[in-house]
Structures are given as structure tokens and as C-alpha cells.
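Asks: Provided herewith is a single structure, encoded as C-alpha cells, for subsequent inquiry.
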Amino acid sequence: QVQLVESGGGLVQAGGSLRLSCAASRRTFSSYFMGWFRQAPGKEREFVAAVTYSGGSTYYADSVKGRFAISRDNAKNTMYLQMNSLKPEDTAVYYCAANPSFLTPQRMGVSQMYDYWGQGTQVTVSS
């Protein structure tokens, strides 16, 4: 198992930036396919971004492409989400998720495909 802890959320004005972190408990962090999801009040949890084991490949939802950047530092057992040009519609609880197997592009956007989840961190973007 792996335990995930998100941090870095907060209140920011539209156009601002935040960097979220997801710290993992296991030294085998590099063997997990990782993703970020978000859930706004009254809405379904939605895919934001994903990154492969080495960080060599990244994937994004169209809504965040060009504004967000996912990365990971396996030496620090940590994944990041740099969020720039934030919009009020980015307001949500952001969750990191892990899966021990590679997820194809068709599956990586499906929350049920991930085995492990963090507790979430709130991001609020004011207009």
C-alpha cells in the first residue's frame, strides 16, 4: 500500500498560481502511475492530469492544458501540480491518486482505475 498526502492548496485570485504537492509514504513511489483529480461542490470528480513512472510522459484534461503542469520527483517520493493562470472554475478539492499498473489514456481519466487516494486539498480561486 501507499499513503498519499496532498498540500499546497489555498485561496488565490484569478490569474494567480499555486503549486500542489503529493507526498507518498513508500520508497517504491517510482513504481506507481500517478494522477491528479478534482471535485467541485455538486459535481463529479474529474481528471486533471497524470504522469508516468519516470515522469517522462504527462497527460492533461483539455480544461487545464497549457495552464497546469504535472511532475514528479521520485527521489523525494513527491508529485507536483503547478497551476498557473487560475480561473474561478478551477475551484475544487484536489486529490492525488496512485495505481501500481500503467493506465492507458482511455483509463487514466477514470477515478475508479486508481487504487490509492489522498485526503484532498482545497483550492479556491476568487474572481
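By order of appearance in the C-alpha cells: chains A, B, ..., then residues from 1 within every chain, and ligands from 1 in the order shown.
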At a cut-off of 10 Å, using only C-alpha atoms, what residues contact Lys65 in chain A? Leave out same-chain residues fewer than 5 positions from it and give the result as a PDB file with all heavy atoms, in the first residue's frame.

Replies:
ATOM      1  N   VAL A  48      -7.640  15.597 -13.937  1.00  0.00           N
ATOM      2  CA  VAL A  48      -6.895  16.818 -14.212  1.00  0.00           C
ATOM      3  C   VAL A  48      -5.626  16.508 -15.010  1.00  0.00           C
ATOM      4  O   VAL A  48      -5.396  17.084 -16.069  1.00  0.00           O
ATOM      5  CB  VAL A  48      -6.529  17.545 -12.907  1.00  0.00           C
ATOM      6  CG1 VAL A  48      -5.647  18.758 -13.190  1.00  0.00           C
ATOM      7  CG2 VAL A  48      -7.779  17.956 -12.142  1.00  0.00           C
ATOM      8  N   ALA A  49      -4.811  15.597 -14.485  1.00  0.00           N
ATOM      9  CA  ALA A  49      -3.536  15.295 -15.133  1.00  0.00           C
ATOM     10  C   ALA A  49      -2.999  13.970 -14.619  1.00  0.00           C
ATOM     11  O   ALA A  49      -3.406  13.500 -13.553  1.00  0.00           O
ATOM     12  CB  ALA A  49      -2.523  16.403 -14.876  1.00  0.00           C
ATOM     13  N   TYR A  59      -0.064  13.759 -19.144  1.00  0.00           N
ATOM     14  CA  TYR A  59      -1.358  13.822 -19.805  1.00  0.00           C
ATOM     15  C   TYR A  59      -2.218  14.839 -19.061  1.00  0.00           C
ATOM     16  O   TYR A  59      -2.144  14.945 -17.838  1.00  0.00           O
ATOM     17  CB  TYR A  59      -2.030  12.439 -19.768  1.00  0.00           C
ATOM     18  CG  TYR A  59      -1.164  11.331 -20.297  1.00  0.00           C
ATOM     19  CD1 TYR A  59      -0.240  10.686 -19.474  1.00  0.00           C
ATOM     20  CD2 TYR A  59      -1.247  10.926 -21.621  1.00  0.00           C
ATOM     21  CE1 TYR A  59       0.569   9.671 -19.953  1.00  0.00           C
ATOM     22  CE2 TYR A  59      -0.444   9.906 -22.110  1.00  0.00           C
ATOM     23  CZ  TYR A  59       0.459   9.289 -21.276  1.00  0.00           C
ATOM     24  OH  TYR A  59       1.259   8.290 -21.761  1.00  0.00           O
ATOM     25  N   TYR A  60      -3.043  15.569 -19.821  1.00  0.00           N
ATOM     26  CA  TYR A  60      -3.843  16.631 -19.224  1.00  0.00           C
ATOM     27  C   TYR A  60      -5.274  16.626 -19.750  1.00  0.00           C
ATOM     28  O   TYR A  60      -5.521  16.290 -20.918  1.00  0.00           O
ATOM     29  CB  TYR A  60      -3.231  17.997 -19.530  1.00  0.00           C
ATOM     30  CG  TYR A  60      -1.860  18.188 -18.960  1.00  0.00           C
ATOM     31  CD1 TYR A  60      -0.715  17.905 -19.705  1.00  0.00           C
ATOM     32  CD2 TYR A  60      -1.700  18.647 -17.654  1.00  0.00           C
ATOM     33  CE1 TYR A  60       0.545  18.058 -19.169  1.00  0.00           C
ATOM     34  CE2 TYR A  60      -0.430  18.811 -17.110  1.00  0.00           C
ATOM     35  CZ  TYR A  60       0.677  18.520 -17.871  1.00  0.00           C
ATOM     36  OH  TYR A  60       1.925  18.681 -17.332  1.00  0.00           O
TER      37      TYR A  60
END

Asks: Name the residues in contact with Phe47 in chain A at a cut-off of 7 Å, using only C-alpha atoms, excluding same-chain residues fewer than 4 positions from it; report them as a list in words.

Replies: Trp36, Phe37, Arg38, Ala61 and Gly109 of chain A

Asks: If you take only C-alpha atoms and a cut-off of 8 Å, which residues of range 6-83 of chain A touch range 93-104 of chain A, and what are their nearest atom pairs and distances in Å to one decimal, in chain and number order, as a tab-separated table?

Replies:
residue	atom	partner	partner_atom	distance
A:Glu6	CA	A:Cys96	CA	6.8
A:Cys22	CA	A:Cys96	CA	6.3
A:Ser31	CA	A:Pro100	CA	6.2
A:Tyr32	CA	A:Pro100	CA	4.5
A:Phe33	CA	A:Asn99	CA	5.1
A:Met34	CA	A:Ala98	CA	4.6
A:Gly35	CA	A:Ala97	CA	5.1
A:Trp36	CA	A:Cys96	CA	4.5
A:Phe37	CA	A:Tyr95	CA	5.2
A:Arg38	CA	A:Tyr94	CA	4.3
A:Gln39	CA	A:Val93	CA	5.3
A:Ala40	CA	A:Val93	CA	6.3
A:Thr52	CA	A:Phe102	CA	7.4

Asks: Write the selection just made, keeping all heavy atoms, as a tab-separated table (two decimals), in the first residue's frame?

Replies:
chain	number	residue	atom	x	y	z
A	6	GLU	N	-1.72	15.29	0.31
A	6	GLU	CA	-1.64	16.49	-0.51
A	6	GLU	C	-1.40	17.72	0.37
A	6	GLU	O	-1.79	17.75	1.54
A	6	GLU	CB	-2.94	16.72	-1.31
A	6	GLU	CG	-3.34	15.60	-2.24
A	6	GLU	CD	-4.34	14.65	-1.61
A	6	GLU	OE1	-4.36	14.57	-0.34
A	6	GLU	OE2	-5.09	13.99	-2.33
A	22	CYS	N	2.07	16.24	-3.54
A	22	CYS	CA	1.50	14.97	-3.09
A	22	CYS	C	2.67	14.12	-2.61
A	22	CYS	O	3.47	13.63	-3.43
A	22	CYS	CB	0.74	14.29	-4.21
A	22	CYS	SG	0.18	12.61	-3.83
A	31	SER	N	7.28	3.26	-8.74
A	31	SER	CA	6.57	2.17	-9.41
A	31	SER	C	5.08	2.41	-9.51
A	31	SER	O	4.33	1.53	-9.91
A	31	SER	CB	6.81	0.84	-8.67
A	31	SER	OG	6.26	0.89	-7.36
A	32	TYR	N	4.65	3.62	-9.15
A	32	TYR	CA	3.24	3.96	-9.22
A	32	TYR	C	2.96	4.97	-10.32
A	32	TYR	O	3.67	5.98	-10.45
A	32	TYR	CB	2.74	4.53	-7.88
A	32	TYR	CG	2.62	3.48	-6.81
A	32	TYR	CD1	3.71	3.14	-6.03
A	32	TYR	CD2	1.42	2.82	-6.59
A	32	TYR	CE1	3.62	2.17	-5.04
A	32	TYR	CE2	1.30	1.86	-5.61
A	32	TYR	CZ	2.40	1.54	-4.84
A	32	TYR	OH	2.29	0.57	-3.88
A	33	PHE	N	1.92	4.69	-11.09
A	33	PHE	CA	1.36	5.63	-12.04
A	33	PHE	C	0.53	6.62	-11.23
A	33	PHE	O	-0.28	6.22	-10.40
A	33	PHE	CB	0.48	4.88	-13.05
A	33	PHE	CG	-0.04	5.72	-14.17
A	33	PHE	CD1	0.64	5.82	-15.37
A	33	PHE	CD2	-1.23	6.42	-14.03
A	33	PHE	CE1	0.14	6.59	-16.41
A	33	PHE	CE2	-1.73	7.20	-15.06
A	33	PHE	CZ	-1.04	7.28	-16.25
A	34	MET	N	0.74	7.92	-11.46
A	34	MET	CA	0.14	8.94	-10.60
A	34	MET	C	-0.78	9.87	-11.36
A	34	MET	O	-0.53	10.18	-12.54
A	34	MET	CB	1.24	9.76	-9.93
A	34	MET	CG	2.20	8.96	-9.07
A	34	MET	SD	1.42	8.23	-7.62
A	34	MET	CE	0.90	9.73	-6.75
A	35	GLY	N	-1.78	10.36	-10.64
A	35	GLY	CA	-2.70	11.31	-11.27
A	35	GLY	C	-3.23	12.33	-10.28
A	35	GLY	O	-3.14	12.15	-9.07
A	36	TRP	N	-3.75	13.41	-10.83
A	36	TRP	CA	-4.47	14.43	-10.07
A	36	TRP	C	-5.92	14.47	-10.56
A	36	TRP	O	-6.17	14.45	-11.77
A	36	TRP	CB	-3.85	15.81	-10.25
A	36	TRP	CG	-2.57	16.04	-9.55
A	36	TRP	CD1	-1.32	15.99	-10.07
A	36	TRP	CD2	-2.40	16.40	-8.17
A	36	TRP	NE1	-0.39	16.27	-9.12
A	36	TRP	CE2	-1.02	16.55	-7.94
A	36	TRP	CE3	-3.29	16.63	-7.11
A	36	TRP	CZ2	-0.50	16.89	-6.70
A	36	TRP	CZ3	-2.78	16.97	-5.87
A	36	TRP	CH2	-1.39	17.10	-5.67
A	37	PHE	N	-6.83	14.57	-9.61
A	37	PHE	CA	-8.24	14.75	-9.89
A	37	PHE	C	-8.74	15.93	-9.07
A	37	PHE	O	-8.06	16.38	-8.14
A	37	PHE	CB	-9.05	13.50	-9.50
A	37	PHE	CG	-8.89	12.35	-10.47
A	37	PHE	CD1	-7.73	11.59	-10.49
A	37	PHE	CD2	-9.91	12.01	-11.34
A	37	PHE	CE1	-7.58	10.53	-11.38
A	37	PHE	CE2	-9.78	10.95	-12.22
A	37	PHE	CZ	-8.61	10.22	-12.24
A	38	ARG	N	-9.92	16.42	-9.41
A	38	ARG	CA	-10.53	17.48	-8.61
A	38	ARG	C	-12.04	17.28	-8.57
A	38	ARG	O	-12.62	16.66	-9.46
A	38	ARG	CB	-10.19	18.86	-9.17
A	38	ARG	CG	-10.78	19.15	-10.54
A	38	ARG	CD	-10.24	20.49	-11.06
A	38	ARG	NE	-10.82	20.84	-12.36
A	38	ARG	CZ	-10.44	21.88	-13.08
A	38	ARG	NH1	-9.47	22.69	-12.63
A	38	ARG	NH2	-11.01	22.14	-14.24
A	39	GLN	N	-12.63	17.81	-7.51
A	39	GLN	CA	-14.07	17.70	-7.35
A	39	GLN	C	-14.62	19.00	-6.79
A	39	GLN	O	-14.24	19.41	-5.68
A	39	GLN	CB	-14.44	16.53	-6.43
A	39	GLN	CG	-15.93	16.26	-6.38
A	39	GLN	CD	-16.24	14.91	-5.75
A	39	GLN	OE1	-15.42	14.33	-5.05
A	39	GLN	NE2	-17.43	14.41	-6.00
A	40	ALA	N	-15.47	19.65	-7.57
A	40	ALA	CA	-16.13	20.86	-7.15
A	40	ALA	C	-17.45	20.49	-6.48
A	40	ALA	O	-18.01	19.42	-6.72
A	40	ALA	CB	-16.38	21.77	-8.35
A	52	THR	N	3.53	9.36	-15.91
A	52	THR	CA	4.05	8.00	-15.86
A	52	THR	C	5.15	7.86	-14.81
A	52	THR	O	5.53	8.83	-14.16
A	52	THR	CB	4.57	7.59	-17.24
A	52	THR	OG1	5.51	8.58	-17.69
A	52	THR	CG2	3.43	7.50	-18.23

Asks: Nearest residue to Asn74 in chain A out of A:Tyr114, A:Gly55, A:Pro41, A:Gln106, using only C-alpha atoms?

Replies: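 Among A:Tyr114, A:Gly55, A:Pro41, A:Gln106, it is A:Gly55 that comes nearest to Asn74 in chain A.
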
Asks: Can you list every residue in range 2-51 of chain A that DSSP puts in helix (DSSP H, G or I), as a PyMOL selection string?

Replies: chain A and resi 27-31

Asks: Applying 6 Å and only C-alpha atoms, which residues near Tyr80 in chain A remain after dropping the ones on its own chain fewer than 2 positions away? List them as a short mmCIF file (atom, residue, chain, number, x, y, z; two decimals) with all heavy atoms, in the first residue's frame.

Replies:
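New file selection-v1.cif:
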data_model
loop_
_atom_site.label_atom_id
_atom_site.label_comp_id
_atom_site.auth_asym_id
_atom_site.auth_seq_id
_atom_site.Cartn_x
_atom_site.Cartn_y
_atom_site.Cartn_z
N LEU A 20 0.64 22.50 -5.96
CA LEU A 20 0.23 21.43 -5.07
C LEU A 20 1.31 20.36 -5.01
O LEU A 20 2.00 20.11 -5.99
CB LEU A 20 -1.08 20.80 -5.55
CG LEU A 20 -2.26 21.73 -5.77
CD1 LEU A 20 -3.50 20.92 -6.17
CD2 LEU A 20 -2.53 22.58 -4.55
N SER A 21 1.41 19.73 -3.86
CA SER A 21 2.34 18.61 -3.67
C SER A 21 1.57 17.39 -3.18
O SER A 21 0.55 17.52 -2.50
CB SER A 21 3.42 18.96 -2.65
OG SER A 21 4.20 20.05 -3.08
N ILE A 70 2.10 18.90 -14.51
CA ILE A 70 2.30 17.83 -13.55
C ILE A 70 3.74 17.36 -13.63
O ILE A 70 4.34 17.32 -14.73
CB ILE A 70 1.32 16.66 -13.82
CG1 ILE A 70 1.38 15.62 -12.72
CG2 ILE A 70 1.58 16.03 -15.19
CD1 ILE A 70 0.30 14.53 -12.83
N SER A 71 4.31 17.01 -12.50
CA SER A 71 5.67 16.50 -12.47
C SER A 71 5.83 15.63 -11.24
O SER A 71 4.97 15.60 -10.36
CB SER A 71 6.69 17.64 -12.46
OG SER A 71 6.54 18.44 -11.30
N ARG A 72 6.96 14.93 -11.18
CA ARG A 72 7.24 14.11 -10.00
C ARG A 72 8.73 14.08 -9.75
O ARG A 72 9.53 14.19 -10.68
CB ARG A 72 6.68 12.70 -10.19
CG ARG A 72 7.32 11.91 -11.30
CD ARG A 72 6.54 10.63 -11.61
NE ARG A 72 6.51 9.71 -10.48
CZ ARG A 72 5.70 8.64 -10.41
NH1 ARG A 72 4.84 8.40 -11.40
NH2 ARG A 72 5.74 7.84 -9.36
#

Asks: Excluding Leu4 in chain A and any residue of its chain fewer than 2 positions from it, enumerate the residues within 6 Å of it, using only C-alpha atoms, and give them as a list in words.

Replies: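 Returned residues: Ala23, Ala24 and Gly118 of chain A.
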
Asks: What would the file look like if the residues just selected were written as an mmCIF file, in the first residue's frame with N, CA, C and O atoms?

Replies:
data_model
loop_
_atom_site.group_PDB
_atom_site.id
_atom_site.type_symbol
_atom_site.label_atom_id
_atom_site.label_comp_id
_atom_site.auth_asym_id
_atom_site.auth_seq_id
_atom_site.Cartn_x
_atom_site.Cartn_y
_atom_site.Cartn_z
ATOM 1 N N ALA A 23 2.763 13.937 -1.311
ATOM 2 C CA ALA A 23 3.850 13.155 -0.731
ATOM 3 C C ALA A 23 3.392 11.728 -0.516
ATOM 4 O O ALA A 23 2.315 11.472 0.046
ATOM 5 N N ALA A 24 4.224 10.777 -0.952
ATOM 6 C CA ALA A 24 3.898 9.356 -0.827
ATOM 7 C C ALA A 24 4.734 8.720 0.260
ATOM 8 O O ALA A 24 5.877 9.127 0.502
ATOM 9 N N GLY A 118 -5.311 10.360 -1.801
ATOM 10 C CA GLY A 118 -5.045 11.229 -0.681
ATOM 11 C C GLY A 118 -6.353 11.789 -0.136
ATOM 12 O O GLY A 118 -7.432 11.496 -0.648
#

Asks: Taking 3 positions as the minimum chain separation for residues in the same chain, which residues sit within 9 Å of Ser17 in chain A when counting only C-alpha atoms? Answer as a PyMOL selection string.

Replies: chain A and resi 12-14+82-86

Asks: Need to verify the contact set: Gln122 in chain A, 9 Å, only C-alpha atoms, exclusion of same-chain residues closer than 4 positions in sequence. Can you return it as a list of chain:residue names?

Replies: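 Residues meeting the cut-off are A:Ser7, A:Gly8, A:Gly9, A:Gly10, A:Leu11, A:Thr91, A:Ala92, A:Val93, A:Tyr94.
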
Asks: May I ask which of the residues A:Phe29, A:Val123, A:Met108, A:Asn77 is the closest one to Glu46 in chain A, counting only C-alpha atoms?

Replies: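 Closest to Glu46 in chain A, using only C-alpha atoms: A:Met108.
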